[in-house]
Amino acid sequence: MSAETPAASGQFTRRRLQFRAWRGARPFWAGLFVMLGGFPIAYFPYANLQIGHLTLAMATTAGAGSLIIGVLLVVLGVSLWFQKHVRVFAGVAAILLALVSIPVSNLGGFLIGFLFALVGGAMAVSWAPGTLPEDKPAAAAGNQGGAPQGADSDTTLLKSVDDTTVGEPNDLSGTSPANGANGRHSAG
């Protein structure tokens with residue numbers, strides 16, 4: 001394949017739409033934020049900053065704890081992408097690990113990792129799977145009696161499946177305005 005070979009027509013668009021559908025069916029952004037929060041938490045305790053001949057080490061006494069917290073956050077972020085049913089557990093665990101990283105890992109990766117993990121965990125807990133749009137035609141615009149769209153405004157008569165009235169009252173409580181009870185019960 002050379003540089004002059006044209007790409008398959010529409011393949012980029014098809015792949016982009018496939019990725020978009022995959023991303024929309026799971027807490028993608030929550031997983032990304034949790035993973036981005038894990039990297040600075042795991043990296044900063046092991047980083048050395050060179051300023052001329054001066055080496056500034058940011059290592060803490062809990063370097064192994066920082067590494068464990070960072071790796072766990074990355075694993076939680078990946079699990080949010082590929083196992084969306086664990087979103088509540090992964091979100092709560094990410095929030096707790098972000099809070100634990102404040103005293104353990106240089107203020108949670110200098111607050112960068114802490115904030116990413118906290119926001120990602122909150123997004124994971126609050127994410128809910130969407131519903132597919134239904135292909136039903138819209139109900140009539142002239143809605144009678146203030147009934148919600150799709151609701152039957154006449155509930156006094158029993159209707160069959162094809163919307164023809166059977167003629168039997170559909171009021172099981174006996175308090176319908178059609179039978180004169182006006183919604184009030186009589187005692188005795």
# chains A, B, ... in the order shown; residues from 1 in each chain; ligands from 1

call {"tool": "residues_around", "arguments": {"residues": "region 94-104 of chain A", "least_positions_apart": "5", "cutoff": "12 Å", "atoms": "only C-alpha atoms", "output": "tab-separated table (two decimals) with all heavy atoms, in the first residue's frame"}}
result
chain	number	residue	atom	x	y	z
A	30	ALA	N	-15.78	8.65	32.34
A	30	ALA	CA	-15.47	8.35	33.74
A	30	ALA	C	-14.23	7.47	33.82
A	30	ALA	O	-13.33	7.71	34.63
A	30	ALA	CB	-16.66	7.66	34.41
A	31	GLY	N	-14.16	6.45	32.97
A	31	GLY	CA	-12.98	5.58	32.95
A	31	GLY	C	-11.73	6.33	32.54
A	31	GLY	O	-10.65	6.10	33.10
A	32	LEU	N	-11.86	7.24	31.59
A	32	LEU	CA	-10.70	8.02	31.16
A	32	LEU	C	-10.20	8.94	32.27
A	32	LEU	O	-9.00	9.02	32.52
A	32	LEU	CB	-11.06	8.84	29.91
A	32	LEU	CG	-9.93	9.65	29.30
A	32	LEU	CD1	-8.88	8.70	28.70
A	32	LEU	CD2	-10.46	10.59	28.24
A	33	PHE	N	-11.11	9.58	32.97
A	33	PHE	CA	-10.71	10.47	34.06
A	33	PHE	C	-10.06	9.69	35.20
A	33	PHE	O	-9.08	10.15	35.80
A	33	PHE	CB	-11.92	11.26	34.58
A	33	PHE	CG	-12.19	12.53	33.83
A	33	PHE	CD1	-12.72	12.50	32.56
A	33	PHE	CD2	-11.90	13.75	34.38
A	33	PHE	CE1	-12.97	13.65	31.86
A	33	PHE	CE2	-12.14	14.92	33.70
A	33	PHE	CZ	-12.68	14.87	32.42
A	34	VAL	N	-10.62	8.51	35.52
A	34	VAL	CA	-10.04	7.70	36.59
A	34	VAL	C	-8.63	7.25	36.19
A	34	VAL	O	-7.70	7.30	37.01
A	34	VAL	CB	-10.96	6.50	36.92
A	34	VAL	CG1	-10.26	5.52	37.85
A	34	VAL	CG2	-12.24	6.99	37.57
A	35	MET	N	-8.45	6.83	34.95
A	35	MET	CA	-7.11	6.42	34.49
A	35	MET	C	-6.14	7.59	34.50
A	35	MET	O	-4.99	7.45	34.92
A	35	MET	CB	-7.18	5.84	33.08
A	35	MET	CG	-7.57	4.39	33.06
A	35	MET	SD	-7.31	3.61	31.48
A	35	MET	CE	-8.54	4.39	30.48
A	36	LEU	N	-6.59	8.76	34.04
A	36	LEU	CA	-5.72	9.94	34.05
A	36	LEU	C	-5.37	10.35	35.47
A	36	LEU	O	-4.32	10.95	35.70
A	36	LEU	CB	-6.39	11.10	33.31
A	36	LEU	CG	-6.46	10.98	31.79
A	36	LEU	CD1	-7.23	12.15	31.21
A	36	LEU	CD2	-5.08	10.88	31.19
A	37	GLY	N	-6.23	10.06	36.42
A	37	GLY	CA	-5.93	10.34	37.82
A	37	GLY	C	-4.90	9.39	38.39
A	37	GLY	O	-4.14	9.74	39.29
A	38	GLY	N	-4.86	8.16	37.88
A	38	GLY	CA	-3.91	7.17	38.40
A	38	GLY	C	-2.48	7.42	37.99
A	38	GLY	O	-1.55	7.10	38.74
A	39	PHE	N	-2.26	8.00	36.82
A	39	PHE	CA	-0.89	8.20	36.33
A	39	PHE	C	-0.07	9.17	37.18
A	39	PHE	O	1.04	8.84	37.59
A	39	PHE	CB	-0.89	8.61	34.86
A	39	PHE	CG	-1.30	7.50	33.94
A	39	PHE	CD1	-2.36	7.66	33.07
A	39	PHE	CD2	-0.64	6.27	33.95
A	39	PHE	CE1	-2.75	6.63	32.23
A	39	PHE	CE2	-1.02	5.24	33.11
A	39	PHE	CZ	-2.08	5.42	32.25
A	40	PRO	N	-0.55	10.38	37.49
A	40	PRO	CA	0.28	11.27	38.33
A	40	PRO	C	0.45	10.77	39.76
A	40	PRO	O	1.50	11.00	40.38
A	40	PRO	CB	-0.45	12.61	38.30
A	40	PRO	CG	-1.76	12.38	37.74
A	40	PRO	CD	-1.74	11.07	37.01
A	41	ILE	N	-0.55	10.07	40.26
A	41	ILE	CA	-0.42	9.54	41.63
A	41	ILE	C	0.69	8.50	41.68
A	41	ILE	O	1.47	8.44	42.63
A	41	ILE	CB	-1.77	8.97	42.10
A	41	ILE	CG1	-2.75	10.12	42.35
A	41	ILE	CG2	-1.60	8.14	43.37
A	41	ILE	CD1	-4.16	9.68	42.66
A	42	ALA	N	0.80	7.67	40.64
A	42	ALA	CA	1.83	6.63	40.62
A	42	ALA	C	3.19	7.20	40.19
A	42	ALA	O	4.24	6.68	40.61
A	42	ALA	CB	1.43	5.52	39.67
A	44	PHE	N	4.58	10.66	40.34
A	44	PHE	CA	5.28	11.72	41.08
A	44	PHE	C	6.14	11.23	42.24
A	44	PHE	O	7.21	11.78	42.48
A	44	PHE	CB	4.31	12.80	41.56
A	44	PHE	CG	3.86	13.72	40.46
A	44	PHE	CD1	2.55	14.13	40.38
A	44	PHE	CD2	4.74	14.17	39.49
A	44	PHE	CE1	2.12	14.98	39.37
A	44	PHE	CE2	4.34	15.02	38.48
A	44	PHE	CZ	3.02	15.41	38.41
A	45	PRO	N	5.77	10.22	43.01
A	45	PRO	CA	6.66	9.78	44.09
A	45	PRO	C	7.97	9.18	43.59
A	45	PRO	O	8.94	9.09	44.34
A	45	PRO	CB	5.84	8.72	44.83
A	45	PRO	CG	4.44	9.09	44.56
A	45	PRO	CD	4.44	9.63	43.17
A	59	ALA	N	10.27	11.75	46.24
A	59	ALA	CA	9.91	10.45	46.81
A	59	ALA	C	9.37	10.62	48.21
A	59	ALA	O	9.80	11.48	48.98
A	59	ALA	CB	11.14	9.55	46.83
A	60	THR	N	8.39	9.81	48.54
A	60	THR	CA	7.81	9.82	49.87
A	60	THR	C	8.12	8.50	50.55
A	60	THR	O	8.64	7.57	49.94
A	60	THR	CB	6.28	9.99	49.79
A	60	THR	OG1	5.73	8.87	49.09
A	60	THR	CG2	5.90	11.27	49.10
A	61	THR	N	7.81	8.42	51.81
A	61	THR	CA	8.03	7.17	52.53
A	61	THR	C	7.05	6.11	52.09
A	61	THR	O	7.28	4.93	52.30
A	61	THR	CB	7.89	7.40	54.04
A	61	THR	OG1	6.59	7.91	54.31
A	61	THR	CG2	8.94	8.36	54.53
A	62	ALA	N	5.95	6.50	51.52
A	62	ALA	CA	4.93	5.54	51.07
A	62	ALA	C	4.94	5.43	49.55
A	62	ALA	O	3.90	5.47	48.90
A	62	ALA	CB	3.57	5.97	51.58
A	63	GLY	N	6.09	5.31	48.95
A	63	GLY	CA	6.20	5.20	47.50
A	63	GLY	C	5.48	3.98	46.96
A	63	GLY	O	4.84	4.05	45.91
A	64	ALA	N	5.58	2.86	47.66
A	64	ALA	CA	4.88	1.65	47.22
A	64	ALA	C	3.37	1.84	47.31
A	64	ALA	O	2.63	1.38	46.44
A	64	ALA	CB	5.32	0.46	48.05
A	65	GLY	N	2.90	2.53	48.34
A	65	GLY	CA	1.47	2.82	48.46
A	65	GLY	C	0.98	3.68	47.32
A	65	GLY	O	-0.13	3.48	46.80
A	66	SER	N	1.78	4.66	46.91
A	66	SER	CA	1.41	5.51	45.79
A	66	SER	C	1.33	4.71	44.50
A	66	SER	O	0.42	4.91	43.70
A	66	SER	CB	2.44	6.63	45.62
A	66	SER	OG	2.50	7.41	46.77
A	67	LEU	N	2.28	3.81	44.32
A	67	LEU	CA	2.27	2.98	43.12
A	67	LEU	C	1.04	2.07	43.11
A	67	LEU	O	0.38	1.92	42.07
A	67	LEU	CB	3.55	2.14	43.05
A	67	LEU	CG	3.71	1.28	41.80
A	67	LEU	CD1	3.83	2.17	40.58
A	67	LEU	CD2	4.92	0.39	41.94
A	68	ILE	N	0.71	1.49	44.23
A	68	ILE	CA	-0.47	0.62	44.31
A	68	ILE	C	-1.75	1.41	44.03
A	68	ILE	O	-2.61	0.96	43.28
A	68	ILE	CB	-0.52	-0.09	45.67
A	68	ILE	CG1	0.61	-1.11	45.77
A	68	ILE	CG2	-1.87	-0.75	45.90
A	68	ILE	CD1	0.78	-1.70	47.14
A	69	ILE	N	-1.87	2.59	44.61
A	69	ILE	CA	-3.06	3.40	44.39
A	69	ILE	C	-3.17	3.80	42.92
A	69	ILE	O	-4.24	3.71	42.31
A	69	ILE	CB	-3.04	4.65	45.29
A	69	ILE	CG1	-3.26	4.25	46.74
A	69	ILE	CG2	-4.12	5.66	44.86
A	69	ILE	CD1	-3.06	5.38	47.72
A	70	GLY	N	-2.07	4.21	42.32
A	70	GLY	CA	-2.08	4.60	40.91
A	70	GLY	C	-2.45	3.44	39.99
A	70	GLY	O	-3.26	3.59	39.07
A	71	VAL	N	-1.87	2.27	40.24
A	71	VAL	CA	-2.17	1.10	39.41
A	71	VAL	C	-3.63	0.68	39.59
A	71	VAL	O	-4.31	0.33	38.62
A	71	VAL	CB	-1.19	-0.05	39.73
A	71	VAL	CG1	-1.64	-1.35	39.11
A	71	VAL	CG2	0.21	0.31	39.25
A	72	LEU	N	-4.11	0.71	40.82
A	72	LEU	CA	-5.52	0.36	41.06
A	72	LEU	C	-6.47	1.34	40.34
A	72	LEU	O	-7.50	0.91	39.80
A	72	LEU	CB	-5.83	0.34	42.55
A	72	LEU	CG	-5.36	-0.89	43.30
A	72	LEU	CD1	-5.62	-0.72	44.80
A	72	LEU	CD2	-6.05	-2.13	42.79
A	73	LEU	N	-6.14	2.61	40.32
A	73	LEU	CA	-6.98	3.57	39.61
A	73	LEU	C	-6.98	3.31	38.11
A	73	LEU	O	-8.03	3.41	37.45
A	73	LEU	CB	-6.53	5.00	39.91
A	73	LEU	CG	-6.92	5.54	41.28
A	73	LEU	CD1	-6.26	6.88	41.56
A	73	LEU	CD2	-8.43	5.66	41.40
A	74	VAL	N	-5.84	2.96	37.56
A	74	VAL	CA	-5.78	2.64	36.13
A	74	VAL	C	-6.61	1.38	35.84
A	74	VAL	O	-7.36	1.33	34.86
A	74	VAL	CB	-4.32	2.48	35.66
A	74	VAL	CG1	-4.25	1.93	34.25
A	74	VAL	CG2	-3.60	3.82	35.73
A	75	VAL	N	-6.50	0.38	36.69
A	75	VAL	CA	-7.28	-0.85	36.51
A	75	VAL	C	-8.78	-0.56	36.63
A	75	VAL	O	-9.59	-1.09	35.85
A	75	VAL	CB	-6.82	-1.93	37.51
A	75	VAL	CG1	-7.78	-3.10	37.55
A	75	VAL	CG2	-5.43	-2.40	37.17
A	76	LEU	N	-9.16	0.28	37.58
A	76	LEU	CA	-10.57	0.64	37.72
A	76	LEU	C	-11.08	1.39	36.49
A	76	LEU	O	-12.21	1.20	36.04
A	76	LEU	CB	-10.80	1.48	38.97
A	76	LEU	CG	-10.73	0.73	40.30
A	76	LEU	CD1	-10.76	1.71	41.46
A	76	LEU	CD2	-11.85	-0.27	40.41
A	77	GLY	N	-10.23	2.26	35.92
A	77	GLY	CA	-10.61	2.98	34.71
A	77	GLY	C	-10.82	2.05	33.54
A	77	GLY	O	-11.78	2.18	32.77
A	78	VAL	N	-9.94	1.07	33.38
A	78	VAL	CA	-10.09	0.09	32.30
A	78	VAL	C	-11.33	-0.77	32.53
A	78	VAL	O	-12.06	-1.09	31.59
A	78	VAL	CB	-8.81	-0.77	32.17
A	78	VAL	CG1	-9.02	-1.93	31.23
A	78	VAL	CG2	-7.64	0.08	31.70
A	79	SER	N	-11.58	-1.14	33.78
A	79	SER	CA	-12.77	-1.96	34.06
A	79	SER	C	-14.05	-1.17	33.81
A	79	SER	O	-15.08	-1.75	33.45
A	79	SER	CB	-12.73	-2.50	35.48
A	79	SER	OG	-12.93	-1.47	36.41
A	80	LEU	N	-14.03	0.15	33.98
A	80	LEU	CA	-15.20	0.95	33.64
A	80	LEU	C	-15.47	0.91	32.15
A	80	LEU	O	-16.63	0.99	31.71
A	80	LEU	CB	-15.02	2.40	34.10
A	80	LEU	CG	-15.23	2.67	35.56
A	80	LEU	CD1	-14.78	4.08	35.93
A	80	LEU	CD2	-16.68	2.48	35.93
A	86	VAL	N	-19.94	-2.88	36.62
A	86	VAL	CA	-19.27	-2.64	37.91
A	86	VAL	C	-19.05	-1.14	38.14
A	86	VAL	O	-18.23	-0.76	38.95
A	86	VAL	CB	-17.92	-3.39	37.98
A	86	VAL	CG1	-18.11	-4.87	37.90
A	86	VAL	CG2	-16.95	-2.89	36.94
A	87	ARG	N	-19.82	-0.31	37.46
A	87	ARG	CA	-19.58	1.13	37.49
A	87	ARG	C	-19.72	1.73	38.87
A	87	ARG	O	-18.96	2.60	39.25
A	87	ARG	CB	-20.48	1.84	36.50
A	87	ARG	CG	-21.95	1.74	36.86
A	87	ARG	CD	-22.84	2.48	35.90
A	87	ARG	NE	-24.22	2.22	36.19
A	87	ARG	CZ	-24.91	2.83	37.14
A	87	ARG	NH1	-24.33	3.74	37.87
A	87	ARG	NH2	-26.18	2.54	37.36
A	88	VAL	N	-20.70	1.28	39.66
A	88	VAL	CA	-20.91	1.86	41.00
A	88	VAL	C	-19.75	1.46	41.91
A	88	VAL	O	-19.19	2.30	42.62
A	88	VAL	CB	-22.27	1.42	41.57
A	88	VAL	CG1	-22.42	1.91	43.00
A	88	VAL	CG2	-23.40	1.94	40.72
A	89	PHE	N	-19.38	0.19	41.88
A	89	PHE	CA	-18.26	-0.26	42.71
A	89	PHE	C	-16.98	0.45	42.30
A	89	PHE	O	-16.23	0.95	43.15
A	89	PHE	CB	-18.07	-1.77	42.59
A	89	PHE	CG	-16.77	-2.24	43.17
A	89	PHE	CD1	-16.61	-2.33	44.54
A	89	PHE	CD2	-15.69	-2.56	42.36
A	89	PHE	CE1	-15.40	-2.74	45.09
A	89	PHE	CE2	-14.49	-2.96	42.89
A	89	PHE	CZ	-14.34	-3.06	44.26
A	109	GLY	N	-0.83	13.29	44.02
A	109	GLY	CA	-0.22	13.66	42.75
A	109	GLY	C	-0.33	15.15	42.50
A	109	GLY	O	-0.64	15.58	41.40
A	110	PHE	N	-0.02	15.93	43.55
A	110	PHE	CA	-0.10	17.40	43.52
A	110	PHE	C	-1.48	17.86	43.08
A	110	PHE	O	-1.63	18.75	42.25
A	110	PHE	CB	0.99	17.99	42.65
A	110	PHE	CG	2.36	17.72	43.17
A	110	PHE	CD1	3.25	16.97	42.42
A	110	PHE	CD2	2.76	18.17	44.41
A	110	PHE	CE1	4.51	16.70	42.91
A	110	PHE	CE2	4.01	17.90	44.90
A	110	PHE	CZ	4.90	17.16	44.15
A	111	LEU	N	-2.49	17.23	43.62
A	111	LEU	CA	-3.91	17.52	43.41
A	111	LEU	C	-4.39	17.23	41.98
A	111	LEU	O	-5.58	17.22	41.73
A	111	LEU	CB	-4.27	18.96	43.78
A	111	LEU	CG	-4.11	19.31	45.25
A	111	LEU	CD1	-4.50	20.77	45.48
A	111	LEU	CD2	-4.98	18.42	46.12
A	112	ILE	N	-3.49	16.97	41.06
A	112	ILE	CA	-3.90	16.67	39.68
A	112	ILE	C	-4.58	15.31	39.63
A	112	ILE	O	-5.70	15.17	39.16
A	112	ILE	CB	-2.68	16.72	38.73
A	112	ILE	CG1	-2.08	18.11	38.71
A	112	ILE	CG2	-3.08	16.31	37.32
A	112	ILE	CD1	-0.72	18.17	38.04
A	113	GLY	N	-3.88	14.29	40.09
A	113	GLY	CA	-4.44	12.94	40.10
A	113	GLY	C	-5.65	12.83	41.00
A	113	GLY	O	-6.61	12.12	40.68
A	114	PHE	N	-5.59	13.50	42.14
A	114	PHE	CA	-6.72	13.48	43.07
A	114	PHE	C	-7.98	14.01	42.41
A	114	PHE	O	-9.05	13.38	42.49
A	114	PHE	CB	-6.38	14.31	44.31
A	114	PHE	CG	-7.56	14.65	45.17
A	114	PHE	CD1	-8.18	13.69	45.93
A	114	PHE	CD2	-8.06	15.95	45.21
A	114	PHE	CE1	-9.27	13.99	46.72
A	114	PHE	CE2	-9.14	16.26	45.99
A	114	PHE	CZ	-9.76	15.28	46.75
A	115	LEU	N	-7.91	15.15	41.75
A	115	LEU	CA	-9.09	15.75	41.13
A	115	LEU	C	-9.61	14.91	39.97
A	115	LEU	O	-10.82	14.72	39.81
A	115	LEU	CB	-8.79	17.18	40.68
A	115	LEU	CG	-8.60	18.18	41.81
A	115	LEU	CD1	-8.20	19.54	41.27
A	115	LEU	CD2	-9.88	18.29	42.62
A	116	PHE	N	-8.69	14.39	39.13
A	116	PHE	CA	-9.13	13.54	38.02
A	116	PHE	C	-9.84	12.29	38.54
A	116	PHE	O	-10.90	11.91	38.04
A	116	PHE	CB	-7.94	13.13	37.14
A	116	PHE	CG	-7.64	14.10	36.05
A	116	PHE	CD1	-6.39	14.65	35.93
A	116	PHE	CD2	-8.59	14.44	35.11
A	116	PHE	CE1	-6.08	15.53	34.91
A	116	PHE	CE2	-8.31	15.32	34.09
A	116	PHE	CZ	-7.05	15.88	33.99
A	117	ALA	N	-9.26	11.63	39.54
A	117	ALA	CA	-9.86	10.41	40.07
A	117	ALA	C	-11.18	10.70	40.77
A	117	ALA	O	-12.13	9.92	40.66
A	117	ALA	CB	-8.89	9.72	41.03
A	118	LEU	N	-11.26	11.80	41.48
A	118	LEU	CA	-12.49	12.16	42.18
A	118	LEU	C	-13.62	12.45	41.19
A	118	LEU	O	-14.74	11.95	41.34
A	118	LEU	CB	-12.24	13.37	43.07
A	118	LEU	CG	-13.27	13.67	44.14
A	118	LEU	CD1	-13.25	12.57	45.19
A	118	LEU	CD2	-12.98	15.00	44.79
A	119	VAL	N	-13.33	13.24	40.17
A	119	VAL	CA	-14.35	13.57	39.17
A	119	VAL	C	-14.74	12.32	38.38
A	119	VAL	O	-15.92	12.07	38.11
A	119	VAL	CB	-13.85	14.69	38.24
A	119	VAL	CG1	-14.75	14.87	37.03
A	119	VAL	CG2	-13.74	16.00	39.00
A	120	GLY	N	-13.76	11.50	38.00
A	120	GLY	CA	-14.06	10.27	37.27
A	120	GLY	C	-14.89	9.30	38.09
A	120	GLY	O	-15.81	8.66	37.56
A	121	GLY	N	-14.58	9.17	39.37
A	121	GLY	CA	-15.37	8.30	40.23
A	121	GLY	C	-16.80	8.79	40.38
A	121	GLY	O	-17.75	8.00	40.36
A	122	ALA	N	-16.97	10.09	40.51
A	122	ALA	CA	-18.32	10.65	40.62
A	122	ALA	C	-19.09	10.46	39.31
A	122	ALA	O	-20.30	10.15	39.33
A	122	ALA	CB	-18.25	12.13	40.97
A	123	MET	N	-18.41	10.61	38.19
A	123	MET	CA	-19.07	10.38	36.91
A	123	MET	C	-19.47	8.91	36.75
A	123	MET	O	-20.53	8.61	36.18
A	123	MET	CB	-18.15	10.80	35.76
A	123	MET	CG	-17.98	12.29	35.64
A	123	MET	SD	-16.68	12.77	34.47
A	123	MET	CE	-17.35	12.21	32.93
A	124	ALA	N	-18.64	8.00	37.23
A	124	ALA	CA	-18.95	6.57	37.12
A	124	ALA	C	-20.17	6.21	37.97
A	124	ALA	O	-21.03	5.44	37.54
A	124	ALA	CB	-17.75	5.74	37.56
A	125	VAL	N	-20.25	6.77	39.17
A	125	VAL	CA	-21.39	6.46	40.04
A	125	VAL	C	-22.67	7.03	39.45
A	125	VAL	O	-23.73	6.41	39.51
A	125	VAL	CB	-21.14	7.00	41.46
A	125	VAL	CG1	-22.39	6.91	42.31
A	125	VAL	CG2	-20.01	6.23	42.12

call {"tool": "select_by_dssp", "arguments": {"residues": "region 101-130 of chain A", "states": "helix (DSSP H, G or I)", "output": "PyMOL selection string"}}
result
chain A and resi 101-104+106-110+112-126

call {"tool": "select_by_dssp", "arguments": {"residues": "region 22-145 of chain A", "states": "strand (DSSP E)", "output": "list in words"}}
result
Asn48, Leu49, Gln50, Ile51, Leu54, Thr55, Leu56 and Ala57 of chain A
